[in-house]
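Input: a single structure, listed below in structure tokens.
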Amino acid sequence: MNGGRPGAAGAPAPQREFAFELADFERVRKLIYQHAGISLSPIKQDMVYSRLARRLRALNLGSFAAYLDRLEHGNGDEWETFVNALTTNLTSFFREAHHFDLLKQHIKKLHAVDRHPIKLWCSAASTGEEPYSMAIAMCELFNSESPPVQILASDLDTAVLATAAAGVYSQERIEKLDDERRRRFFLKGTGTREGYVRVRPELQKLITFTQINLLHTRWPVNGPLDAIFCRNVMIYFDKPTQYGILQRFVPVLRSDGLLFAGHSESFLHAADLFRSLGRTVYERADRPR
Ligand SMILES: C[S@@+](CC[C@H](N)C(=O)[O-])C[C@H]1O[C@@H](n2cnc3c(N)ncnc32)[C@H](O)[C@@H]1O
């Protein structure tokens with residue numbers, strides 16, 4: 001227990017089950033930055049404590065120092081759980097809905113001049129709502145359940161990817177979708193699955209789920225891509241990390257492809273790589289105007 005000692009920010013520390021010193025928190029910050037690129041703000045101590053405390057309990061360890069020693073010097077099997085515990089996975093179907101209309105317009109334009117198979121990448125797919133929304137938009141555009149579209153959906157967090165691949169959601173997750181979308185793209189659970197929906201297999205067939213760490217310098221991505229969705233993940237990275245990722249996006253994106261960012265993300269610091277088209281959509285800066 002560290003009750004009685006000052007907290008990391010100088011305030012009295014709350015009574016806690018496990019010893020959690022400022023040095024432990026700084027170690028977590030360093031490790032998650034090195035492994036996932038995530039810059040954890042100094043005010044996230046409580047979040048880190050609550051997300052990792054259950055790992056200490058599960059492993060029967062008495063302190064964060066012991067946990068971090070095991071993480072760094074053990075057989076390596078804890079890294080995945082550590083990273084999964086510290087990612088933030090908030091998402092929803094048709095989040096920032098205007099992007100899916102813009103995606104449809106973009107693909108319609110490209111397909112009118114060149115009938116190539118469309119390739120899209122959802123690079124921070126979380127629990128799958130975003131890539132399934134992309135797939136729905138493409139089915140609607142082509143008015144077909146098997147449009148000429150391949151979607152790569154990736155995330156660093158393997159737990160959310162498993163949820164994404166399963167494609168089963170509680171019914172509330174699709175409440176805001178109109179009746180037509182709910183009927184056309186989801187199957188309603190019955191019996192023990194009452195209250196749940198499953199995305200139709202035709203939609204799942206359009207998507208390949210795989211783990212990709214955006215921090216890595218080599219990605220198993222076959223370009224050229226018609227569009228990349230990289231939404232609400234760059235916000236966790238510092239500018240140099242963002243710049244490196246944007247640099248690696250350029251060669252896999254078609255010269256007339258589009259990059260979609262999250263509502264509060266801006267890549268103006270990488271104006272030599274991407275040019276803003278407004279509404280957090282970007283095109284390659286080397287595309288002739
Ligand atoms: C807030 S969610 C965004 C989900 C979705 N793109 C959206 O906008 O609704 C951020 C996702 O980024 C993933 N992530 C964090 N660091 C990552 C990294 N280094 N490489 C790939 N994905 C990462 C997290 O696991 C999480 O699922």
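Order determines the names: the first chain of the structure tokens is A, the second B, and so forth; residues in each chain are numbered 1 upward, and ligands are numbered 1 upward as they are shown.
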Review point. Asp256 in chain A: which residues within 10 Å, counting only C-alpha atoms, same-chain residues fewer than 3 positions away excluded, as a list in words?
Key: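 Listing them by chain and then by number gives His106, Leu110, Leu225, Asp226, Ala227, Leu253, Glu283, Arg284, Asp286, Arg287 and Pro288 of chain A.
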Only all heavy atoms, please: the residues just picked out, written as a short mmCIF file (atom, residue, chain, number, x, y, z; two decimals), in the first residue's frame.
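Ended up saving to selection.cif:
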```cif
data_model
loop_
_atom_site.label_atom_id
_atom_site.label_comp_id
_atom_site.auth_asym_id
_atom_site.auth_seq_id
_atom_site.Cartn_x
_atom_site.Cartn_y
_atom_site.Cartn_z
N HIS A 106 -15.84 9.75 -53.75
CA HIS A 106 -14.46 9.55 -54.22
C HIS A 106 -14.34 8.27 -55.04
O HIS A 106 -13.79 8.27 -56.15
CB HIS A 106 -13.56 9.54 -52.98
CG HIS A 106 -12.16 9.06 -53.21
ND1 HIS A 106 -11.29 9.69 -54.07
CD2 HIS A 106 -11.47 8.01 -52.68
CE1 HIS A 106 -10.13 9.05 -54.06
NE2 HIS A 106 -10.21 8.02 -53.24
N LEU A 110 -13.45 7.67 -59.05
CA LEU A 110 -12.31 6.85 -59.50
C LEU A 110 -12.78 5.71 -60.40
O LEU A 110 -12.17 5.41 -61.42
CB LEU A 110 -11.57 6.24 -58.29
CG LEU A 110 -10.73 7.14 -57.42
CD1 LEU A 110 -9.98 6.29 -56.40
CD2 LEU A 110 -9.73 7.94 -58.23
N LEU A 225 -3.49 1.94 -52.61
CA LEU A 225 -4.80 2.01 -51.99
C LEU A 225 -5.58 3.21 -52.51
O LEU A 225 -4.99 4.26 -52.79
CB LEU A 225 -4.64 2.15 -50.47
CG LEU A 225 -3.87 1.01 -49.79
CD1 LEU A 225 -3.31 1.45 -48.44
CD2 LEU A 225 -4.78 -0.20 -49.63
N ASP A 226 -6.89 3.05 -52.59
CA ASP A 226 -7.74 4.16 -53.04
C ASP A 226 -8.06 5.12 -51.90
O ASP A 226 -8.32 6.29 -52.14
CB ASP A 226 -9.04 3.60 -53.62
CG ASP A 226 -8.75 2.75 -54.85
OD1 ASP A 226 -8.56 3.32 -55.92
OD2 ASP A 226 -8.66 1.51 -54.70
N ALA A 227 -8.04 4.59 -50.69
CA ALA A 227 -8.27 5.47 -49.53
C ALA A 227 -7.74 4.79 -48.27
O ALA A 227 -7.74 3.56 -48.15
CB ALA A 227 -9.77 5.76 -49.35
N LEU A 253 -0.50 4.83 -50.88
CA LEU A 253 -1.75 5.48 -51.32
C LEU A 253 -1.61 5.89 -52.79
O LEU A 253 -0.57 6.42 -53.20
CB LEU A 253 -1.99 6.72 -50.45
CG LEU A 253 -3.31 7.47 -50.66
CD1 LEU A 253 -4.51 6.60 -50.26
CD2 LEU A 253 -3.33 8.76 -49.81
N GLU A 283 -5.29 14.86 -49.34
CA GLU A 283 -4.77 14.18 -50.53
C GLU A 283 -3.25 14.31 -50.50
O GLU A 283 -2.70 15.14 -49.77
CB GLU A 283 -5.34 14.78 -51.81
CG GLU A 283 -4.93 16.22 -52.06
CD GLU A 283 -5.47 16.78 -53.38
OE1 GLU A 283 -6.15 16.07 -54.12
OE2 GLU A 283 -5.18 17.97 -53.65
N ARG A 284 -2.59 13.52 -51.33
CA ARG A 284 -1.12 13.58 -51.36
C ARG A 284 -0.69 14.95 -51.86
O ARG A 284 -1.24 15.49 -52.82
CB ARG A 284 -0.57 12.49 -52.27
CG ARG A 284 -0.50 11.14 -51.59
CD ARG A 284 -0.11 10.01 -52.50
NE ARG A 284 1.09 10.28 -53.28
CZ ARG A 284 1.72 9.36 -54.00
NH1 ARG A 284 1.27 8.11 -54.02
NH2 ARG A 284 2.79 9.66 -54.69
N ASP A 286 1.95 15.68 -53.37
CA ASP A 286 2.64 15.64 -54.65
C ASP A 286 1.68 15.42 -55.83
O ASP A 286 2.10 15.30 -56.97
CB ASP A 286 3.74 14.56 -54.67
CG ASP A 286 3.19 13.16 -54.37
OD1 ASP A 286 1.96 13.01 -54.15
OD2 ASP A 286 4.00 12.20 -54.35
N ARG A 287 0.37 15.39 -55.54
CA ARG A 287 -0.60 15.26 -56.63
C ARG A 287 -0.72 16.61 -57.35
O ARG A 287 -0.98 17.63 -56.70
CB ARG A 287 -1.96 14.86 -56.04
CG ARG A 287 -2.98 14.61 -57.11
CD ARG A 287 -4.32 14.27 -56.56
NE ARG A 287 -5.24 14.12 -57.67
CZ ARG A 287 -6.55 14.00 -57.57
NH1 ARG A 287 -7.09 13.98 -56.38
NH2 ARG A 287 -7.30 13.88 -58.62
N PRO A 288 -0.56 16.62 -58.67
CA PRO A 288 -0.66 17.90 -59.37
C PRO A 288 -2.08 18.47 -59.20
O PRO A 288 -3.04 17.72 -59.22
CB PRO A 288 -0.42 17.54 -60.84
CG PRO A 288 0.02 16.12 -60.85
CD PRO A 288 -0.31 15.49 -59.55
#
```
Practice item. Using only C-alpha atoms and all ligand atoms, find each protein or nucleic acid residue lying at most 9 Å from ligand 1; present the set as a VMD selection string. Key: chain A and resid 33 35 to 38 83 to 84 86 to 96 122 to 131 154 to 161 211 to 216 229 to 237 261 to 263
Given the selection you just returned, output its residues as a file containing C-alpha atoms, formatted as a compact mmCIF listing (two decimals), in the first residue's frame.
```txt
# COMPACT_ATOMS: atom_id res chain seq x y z
CA TYR A 33 5.56 5.07 -26.09
CA HIS A 35 5.92 -0.11 -28.20
CA ALA A 36 2.79 1.66 -29.48
CA GLY A 37 3.86 5.27 -30.04
CA ILE A 38 1.23 6.33 -27.51
CA VAL A 83 -0.54 -2.89 -24.88
CA ASN A 84 -4.17 -4.05 -25.18
CA LEU A 86 -3.58 0.75 -22.46
CA THR A 87 -5.18 1.44 -25.83
CA THR A 88 -8.38 3.48 -26.03
CA ASN A 89 -10.87 1.85 -28.38
CA LEU A 90 -13.86 4.19 -28.52
CA THR A 91 -15.64 3.92 -31.87
CA SER A 92 -19.10 3.61 -33.44
CA PHE A 93 -20.84 2.78 -36.72
CA PHE A 94 -20.74 5.73 -39.15
CA ARG A 95 -18.82 7.89 -36.69
CA GLU A 96 -18.22 11.24 -38.44
CA CYS A 122 -8.87 1.06 -42.13
CA SER A 123 -5.68 1.46 -40.11
CA ALA A 124 -7.11 1.79 -36.57
CA ALA A 125 -10.15 -0.45 -36.86
CA SER A 126 -10.75 -1.01 -33.14
CA THR A 127 -13.81 -3.27 -32.61
CA GLY A 128 -14.79 -3.13 -36.30
CA GLU A 129 -17.56 -0.55 -36.54
CA GLU A 130 -15.45 1.63 -38.85
CA PRO A 131 -14.44 -1.00 -41.44
CA SER A 154 -5.96 -3.42 -38.86
CA ASP A 155 -5.24 -2.40 -35.30
CA LEU A 156 -2.46 -2.92 -32.81
CA ASP A 157 -4.82 -4.28 -30.15
CA THR A 158 -5.47 -7.99 -30.76
CA ALA A 159 -8.45 -8.14 -28.38
CA VAL A 160 -10.45 -5.52 -30.29
CA LEU A 161 -9.49 -7.15 -33.59
CA GLN A 211 -2.68 -6.81 -36.59
CA ILE A 212 -0.54 -3.89 -37.72
CA ASN A 213 1.42 -1.56 -35.47
CA LEU A 214 1.46 1.83 -37.18
CA LEU A 215 4.75 2.48 -35.47
CA HIS A 216 6.52 -0.25 -37.40
CA PHE A 229 -8.86 5.75 -42.91
CA CYS A 230 -6.59 6.76 -40.03
CA ARG A 231 -9.07 8.30 -37.66
CA ASN A 232 -8.81 9.09 -33.97
CA VAL A 233 -5.52 7.35 -33.43
CA MET A 234 -2.92 9.97 -34.42
CA ILE A 235 -4.20 12.02 -31.50
CA TYR A 236 -2.36 9.59 -29.18
CA PHE A 237 0.96 10.12 -31.00
CA ALA A 261 -8.34 11.70 -40.32
CA GLY A 262 -10.31 12.08 -37.09
CA HIS A 263 -12.36 15.18 -36.30
```
Hey, could you make a per-residue contact list for range 97-133 of chain A against range 142-153 of chain A with 6 Å as the cut-off, showing the nearest pair of atoms and its distance in Å to one decimal, counting only C-alpha atoms, sorted by chain and number, as a Markdown table?
```
| residue | atom | partner | partner_atom | distance |
| --- | --- | --- | --- | --- |
| A:Pro117 | CA | A:Pro148 | CA | 5.2 |
| A:Ile118 | CA | A:Val149 | CA | 4.6 |
| A:Lys119 | CA | A:Gln150 | CA | 5.0 |
| A:Leu120 | CA | A:Ile151 | CA | 4.8 |
| A:Trp121 | CA | A:Leu152 | CA | 4.7 |
| A:Cys122 | CA | A:Ala153 | CA | 4.7 |
| A:Ala125 | CA | A:Ala153 | CA | 5.6 |
```
Residues just named, written with N, CA and C atoms as a tab-separated table (two decimals), in the first residue's frame:
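The new file out_7.tsv reads:
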```tsv
chain	number	residue	atom	x	y	z
A	117	PRO	N	-10.12	-3.00	-59.14
A	117	PRO	CA	-10.68	-3.40	-57.84
A	117	PRO	C	-10.29	-2.35	-56.79
A	118	ILE	N	-11.27	-1.95	-56.02
A	118	ILE	CA	-11.04	-0.88	-55.04
A	118	ILE	C	-10.36	-1.46	-53.79
A	119	LYS	N	-9.32	-0.77	-53.33
A	119	LYS	CA	-8.62	-1.22	-52.13
A	119	LYS	C	-8.64	-0.13	-51.08
A	120	LEU	N	-9.17	-0.48	-49.91
A	120	LEU	CA	-9.27	0.50	-48.81
A	120	LEU	C	-8.55	-0.06	-47.58
A	121	TRP	N	-8.02	0.84	-46.78
A	121	TRP	CA	-7.36	0.42	-45.53
A	121	TRP	C	-7.95	1.19	-44.36
A	122	CYS	N	-8.43	0.46	-43.39
A	122	CYS	CA	-8.87	1.06	-42.13
A	122	CYS	C	-7.76	0.75	-41.12
A	125	ALA	N	-8.78	0.06	-36.68
A	125	ALA	CA	-10.15	-0.45	-36.86
A	125	ALA	C	-10.88	-0.68	-35.55
```
Exercise for review: Have a look at A:Leu61, A:Lys104, A:Ala53, A:Leu68 and name the one nearest to Arg27 in chain A; count only C-alpha atoms.
Suggested key: A:Leu68
Review point. Rounded to one decimal in Å, what is the spacing between CA of Phe274 in chain A and CA of Leu246 in chain A?
Key: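 Between CA of Phe274 in chain A and CA of Leu246 in chain A the gap works out to 8.0 Å.
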Check your understanding: Residues of range 15-252 of chain A in alpha helix (DSSP H) according to DSSP, as a ChimeraX atom specification?
Key -> /A:22-36,45-59,64-73,79-86,98-113,129-142,158-166,179-185,201-205,239-252
Point to revise | Distance query Asp69 in chain A at most 12 Å, only C-alpha atoms, self and fewer than 2 positions along chain excluded, as a PyMOL selection string | key: chain A and resi 24+27-28+31+56+61-67+71-76+78-79
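Of the residues listed (A:Ala19, A:Val250, A:Met47, A:Leu177), A:Leu177 shows the shortest atom-to-atom separation from Ala97 in chain A; distances use only C-alpha atoms.
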Point to revise | Contacts of Leu277 in chain A at 10 Å (only C-alpha atoms; same-chain gap of 5+ positions) as a PyMOL selection string | key: chain A and resi 258-259+282-283
